[in-house]
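Engineer: Got a structure for you, questions after.
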Amino acid sequence: MQMHTEKIGLFTVARGESGSGGDRTVRPRRFPHALPPPLPPGYAKTMALEFTDLCCSRAGLPVLTGLSHRVEDGGITLLRGPNGAGKSTLLRVLAGLLPPESGTATLDGIHLGSSRDAWTEAVAFAGHLDAVKPQLTVAENLRFWAALLGAAGIDAALDAFDLGALADRAAHACSAGQKRRLGLARLALVPRRLWLLDEPAVSLDAAATTALTRLVGAHRAAGGMALIATHTDLDLAGAATLTLSPAPPGITTGPARPDPFLADIAR
Amino acid sequence: MSPLRAVLGRELRLALRSGGGAGLGLAFFLTVILLVPFGTGPDPDRLATIAVGTLWIGALLACLLSLDRLFQTDFEDGTLDILALSPLPMEMTVALKCLAHWLTTGLPLVIAAPVLAITLNLPGAAAPWLIASLAVGTPALSFLGAIGGALTVGIRRGGLLLSILVLPLYIPTLIFGAATVRAAIDGTDPTPPLLLLTGLTLAILALAPFAAAAALRINLR
């Protein structure tokens, strides 16, 4: 594998040359959802996720300062960096939950911010919270997400993380790792082009981590893309790495805009 | 199963299971109304004069009691993130959550109120108008409360702030709701205040989901 690094903005991007299109031992037929949707005429034929000069602050402090990266069709990028480097913030921006202060992001020609519905239908987000209701059983939790997201059934999702035996167990009786598996199983419910995973391997055991890499591999084999923030090493051959570093103190995001309201008071 | 039924069914199930807030409002309402005669003394005439106000304020506070849970638990466990990214518009999700809140909190109050009104010596002729005014008015309490719940969702123990935000918004509903029943007791026509209450509720049902959804989106950032 060849590695070379690129300097983009404040960030060093290490790219590993991907050898194959993915792990072909998995059954891609189970995940037909990740096939790229047909493009309407007039759309740029760029089947990729690309973001340019993303800037974002949280609580007034700059977190992302001019971040650019590109994930090709069927590509995986692992987000690395110390705590507070902006990995979760980047994932929330790309999920469409947090509007960036400046910069652009496009996914298969769809612009973030301009066509919100099309964007959210192309993205699956699994944050560091599992979105599991403790009062409901494992199957009830999954069935709710299946109905909401328009999935046909929950069997594939139960199988993906070996949750069949736990299906009727109340989620409050599940361990942290089992809840994590339940949260991640949501990814296997419906077709999404881009997966945004925030520390997916936390509290997973070895078997579940393997199941996760297999699921991501199948997603990629079917042409899907993924951005994964992780501190643990995931066995994903050919994944690129985007290393984020915390914004140095004193950096501001973009030109300072005077608050019109305060300016009025000062006058 | 359609997404609409899925959200509504889940909300009802969560409210009715252990740890849900379904019985809380009704228990509070019951306690308040049954305690009032002990506080004011058992004089039937005095009870009759305060009956309408007590019943309506009791219903209002009972609704308020479980509002801080409307979005808080979903916010804390990450469900709100996924709901915001679902194909269902946030406004619709909010409206369904409010509907579920009314079904588990407001509706039991409507049913219990005429029975409890007897302990406060409310004239029998006014009972149907009490039911009507509460049935029309309590949905507005749930929907207005959603605005407060959405604004305070990021704040731990935001219940107090929620009450301060929401109680002033409840005043018009309280005025027209109580006026309907009082008119029935006084023998004047109770229809005008009831119609005003209905109009008020319809406007709130139409507008509140948009306000609450906008507040939630800001809090999810």
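Following the order of the structure tokens, first chain is A, next is B, and so on, with residues numbered from 1 inside each chain and ligands from 1 in the order they appear.
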Do me a favour and pick out the residues of chain A within 10 Å of chain B, using only C-alpha atoms, as a VMD selection string.
Structural biologist: chain A and resid 58 89 92 to 93 95 to 99 116 to 136 140 to 141 143 to 152
Engineer: Within 10 Å of Leu109 (chain B), counting only C-alpha atoms, which residues show up once you throw out same-chain ones fewer than 4 positions away? Write them as a list in words, please.
Structural biologist: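 Those residues are Gly25, Leu26, Ala27, Phe29, Leu30, Leu55, Gly58, Ala59, Leu60, Ala62, Cys63, Trp102, Leu103, Thr104, Thr105, Ala113, Pro114, Leu116, Ile131, Leu134, Ala135 and Thr138 of chain B.
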Engineer: For a test of reading the model, state the distance in Å between CA of Thr65 (chain A) and CA of Ala247 (chain A), rounded to one decimal.
Structural biologist: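 So the answer is 6.8 Å.
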Engineer: What gap, in Å, lies between CA of Phe28 (chain B) and CA of Ser66 (chain B)?
Structural biologist: 10.5 Å
Engineer: Enumerate the residues of region 7-254 of chain A with a DSSP assignment of alpha helix (DSSP H), computed from the backbone, and present them as a PDB file with C-alpha atoms, in the first residue's frame.
Structural biologist:
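Wrote it out as out_1.pdb, contents follow:
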ATOM      1  CA  LYS A  87     -14.382  14.874  14.488  1.00  0.00           C
ATOM      2  CA  SER A  88     -17.908  14.806  15.918  1.00  0.00           C
ATOM      3  CA  THR A  89     -18.502  18.368  14.779  1.00  0.00           C
ATOM      4  CA  LEU A  90     -17.515  17.456  11.210  1.00  0.00           C
ATOM      5  CA  LEU A  91     -19.878  14.473  11.260  1.00  0.00           C
ATOM      6  CA  ARG A  92     -22.752  16.615  12.581  1.00  0.00           C
ATOM      7  CA  VAL A  93     -22.076  19.224   9.900  1.00  0.00           C
ATOM      8  CA  LEU A  94     -22.101  16.559   7.188  1.00  0.00           C
ATOM      9  CA  ALA A  95     -25.252  14.992   8.629  1.00  0.00           C
ATOM     10  CA  ARG A 116     -32.103  19.431   2.752  1.00  0.00           C
ATOM     11  CA  ASP A 117     -34.477  16.542   2.029  1.00  0.00           C
ATOM     12  CA  ALA A 118     -32.316  15.023  -0.685  1.00  0.00           C
ATOM     13  CA  TRP A 119     -29.289  15.318   1.585  1.00  0.00           C
ATOM     14  CA  THR A 120     -30.855  13.662   4.629  1.00  0.00           C
ATOM     15  CA  GLU A 121     -32.178  10.844   2.442  1.00  0.00           C
ATOM     16  CA  ALA A 122     -28.630  10.109   1.289  1.00  0.00           C
ATOM     17  CA  VAL A 138     -34.696  -4.618  21.034  1.00  0.00           C
ATOM     18  CA  ALA A 139     -37.149  -5.622  18.291  1.00  0.00           C
ATOM     19  CA  GLU A 140     -39.549  -2.768  19.136  1.00  0.00           C
ATOM     20  CA  ASN A 141     -36.703  -0.271  18.925  1.00  0.00           C
ATOM     21  CA  LEU A 142     -35.671  -1.572  15.517  1.00  0.00           C
ATOM     22  CA  ARG A 143     -39.245  -1.883  14.246  1.00  0.00           C
ATOM     23  CA  PHE A 144     -39.859   1.774  15.055  1.00  0.00           C
ATOM     24  CA  TRP A 145     -36.818   2.902  13.079  1.00  0.00           C
ATOM     25  CA  ALA A 146     -37.731   0.549  10.236  1.00  0.00           C
ATOM     26  CA  ALA A 147     -41.235   2.040   9.981  1.00  0.00           C
ATOM     27  CA  LEU A 148     -39.933   5.592  10.245  1.00  0.00           C
ATOM     28  CA  LEU A 149     -37.185   5.138   7.664  1.00  0.00           C
ATOM     29  CA  ASP A 155     -34.478  -9.291   9.958  1.00  0.00           C
ATOM     30  CA  ALA A 156     -31.431  -8.132   8.015  1.00  0.00           C
ATOM     31  CA  ALA A 157     -30.640  -5.583  10.734  1.00  0.00           C
ATOM     32  CA  LEU A 158     -31.043  -8.171  13.505  1.00  0.00           C
ATOM     33  CA  ASP A 159     -28.737 -10.548  11.617  1.00  0.00           C
ATOM     34  CA  ALA A 160     -26.097  -7.911  10.927  1.00  0.00           C
ATOM     35  CA  ALA A 176     -23.627  -1.061  26.762  1.00  0.00           C
ATOM     36  CA  GLY A 177     -22.148  -3.130  23.946  1.00  0.00           C
ATOM     37  CA  GLN A 178     -25.511  -4.697  23.122  1.00  0.00           C
ATOM     38  CA  LYS A 179     -27.131  -1.253  22.989  1.00  0.00           C
ATOM     39  CA  ARG A 180     -24.343  -0.088  20.704  1.00  0.00           C
ATOM     40  CA  ARG A 181     -24.995  -3.057  18.407  1.00  0.00           C
ATOM     41  CA  LEU A 182     -28.693  -2.178  18.400  1.00  0.00           C
ATOM     42  CA  GLY A 183     -27.890   1.435  17.535  1.00  0.00           C
ATOM     43  CA  LEU A 184     -25.572   0.389  14.718  1.00  0.00           C
ATOM     44  CA  ALA A 185     -28.061  -2.164  13.383  1.00  0.00           C
ATOM     45  CA  ALA A 206     -14.203  -8.478  19.111  1.00  0.00           C
ATOM     46  CA  ALA A 207     -17.031 -10.349  17.387  1.00  0.00           C
ATOM     47  CA  ALA A 208     -19.197  -7.251  17.155  1.00  0.00           C
ATOM     48  CA  THR A 209     -16.271  -5.189  15.844  1.00  0.00           C
ATOM     49  CA  THR A 210     -15.819  -7.803  13.126  1.00  0.00           C
ATOM     50  CA  ALA A 211     -19.530  -7.586  12.359  1.00  0.00           C
ATOM     51  CA  LEU A 212     -19.168  -3.815  12.099  1.00  0.00           C
ATOM     52  CA  THR A 213     -16.241  -3.992   9.679  1.00  0.00           C
ATOM     53  CA  ARG A 214     -18.127  -6.617   7.665  1.00  0.00           C
ATOM     54  CA  LEU A 215     -21.181  -4.345   7.483  1.00  0.00           C
ATOM     55  CA  VAL A 216     -19.066  -1.356   6.452  1.00  0.00           C
ATOM     56  CA  GLY A 217     -17.273  -3.579   3.919  1.00  0.00           C
ATOM     57  CA  ALA A 218     -20.588  -4.673   2.416  1.00  0.00           C
ATOM     58  CA  HIS A 219     -21.756  -1.077   2.307  1.00  0.00           C
ATOM     59  CA  ARG A 220     -18.586  -0.133   0.457  1.00  0.00           C
ATOM     60  CA  ALA A 221     -18.757  -3.113  -1.863  1.00  0.00           C
TER      61      ALA A 221
END
Engineer: Leaving out Met225 (chain A) and any residue of its chain fewer than 4 positions from it, which residues lie within 9 Å of it when counting only C-alpha atoms, given as JSON, numbers by chain?
Structural biologist: {"A": [34, 48, 49, 71, 72, 73, 74, 75, 76, 77, 192, 193, 194, 195, 196, 216, 219, 220]}
Engineer: Create the file for the chosen residues now, containing C-alpha atoms and written as a short mmCIF file (atom, residue, chain, number, x, y, z; two decimals), in the first residue's frame.
Structural biologist:
data_model
loop_
_atom_site.label_atom_id
_atom_site.label_comp_id
_atom_site.auth_asym_id
_atom_site.auth_seq_id
_atom_site.Cartn_x
_atom_site.Cartn_y
_atom_site.Cartn_z
CA ALA A 34 -26.14 1.31 -1.27
CA ALA A 48 -18.47 11.39 -4.38
CA LEU A 49 -18.62 13.31 -1.16
CA VAL A 71 -14.42 10.62 -0.45
CA GLU A 72 -14.74 8.74 -3.72
CA ASP A 73 -17.53 6.39 -4.66
CA GLY A 74 -17.04 3.31 -2.50
CA GLY A 75 -14.44 5.07 -0.38
CA ILE A 76 -13.94 5.06 3.36
CA THR A 77 -12.24 7.79 5.33
CA ARG A 192 -28.05 5.34 2.40
CA ARG A 193 -25.18 6.58 0.25
CA LEU A 194 -23.05 8.00 3.02
CA TRP A 195 -22.56 6.62 6.50
CA LEU A 196 -21.37 8.99 9.20
CA VAL A 216 -19.07 -1.36 6.45
CA HIS A 219 -21.76 -1.08 2.31
CA ARG A 220 -18.59 -0.13 0.46
#
Engineer: Could you pull the residues within 8 Å of Leu174 (chain B), counting only C-alpha atoms, minus those fewer than 2 positions along the same chain, as a list in words?
Structural biologist: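 Everything that qualifies: Trp56, Ile57, Leu60, Tyr170, Ile171, Pro172, Phe176, Gly177 and Ala178 of chain B.
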Engineer: Go through A:Ser57, A:Ser175, A:Thr241, A:Thr106 one by one, measure the shortest atom-to-atom distance of each to Gly84 (chain A) using only C-alpha atoms, and give the residue with the smallest value.
Structural biologist: A:Ser57
Engineer: Rounded to one decimal in Å, what is the spacing between CA of Thr180 (chain B) and CA of Ser133 (chain B)?
Structural biologist: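 A separation of 6.7 Å between them.
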Engineer: Compare B:Ala22, B:Ile33, B:Leu12, B:Leu67 by their minimum atom-to-atom distance to Ala117 (chain B), counting only C-alpha atoms, and give me the closest one.
Structural biologist: B:Ile33
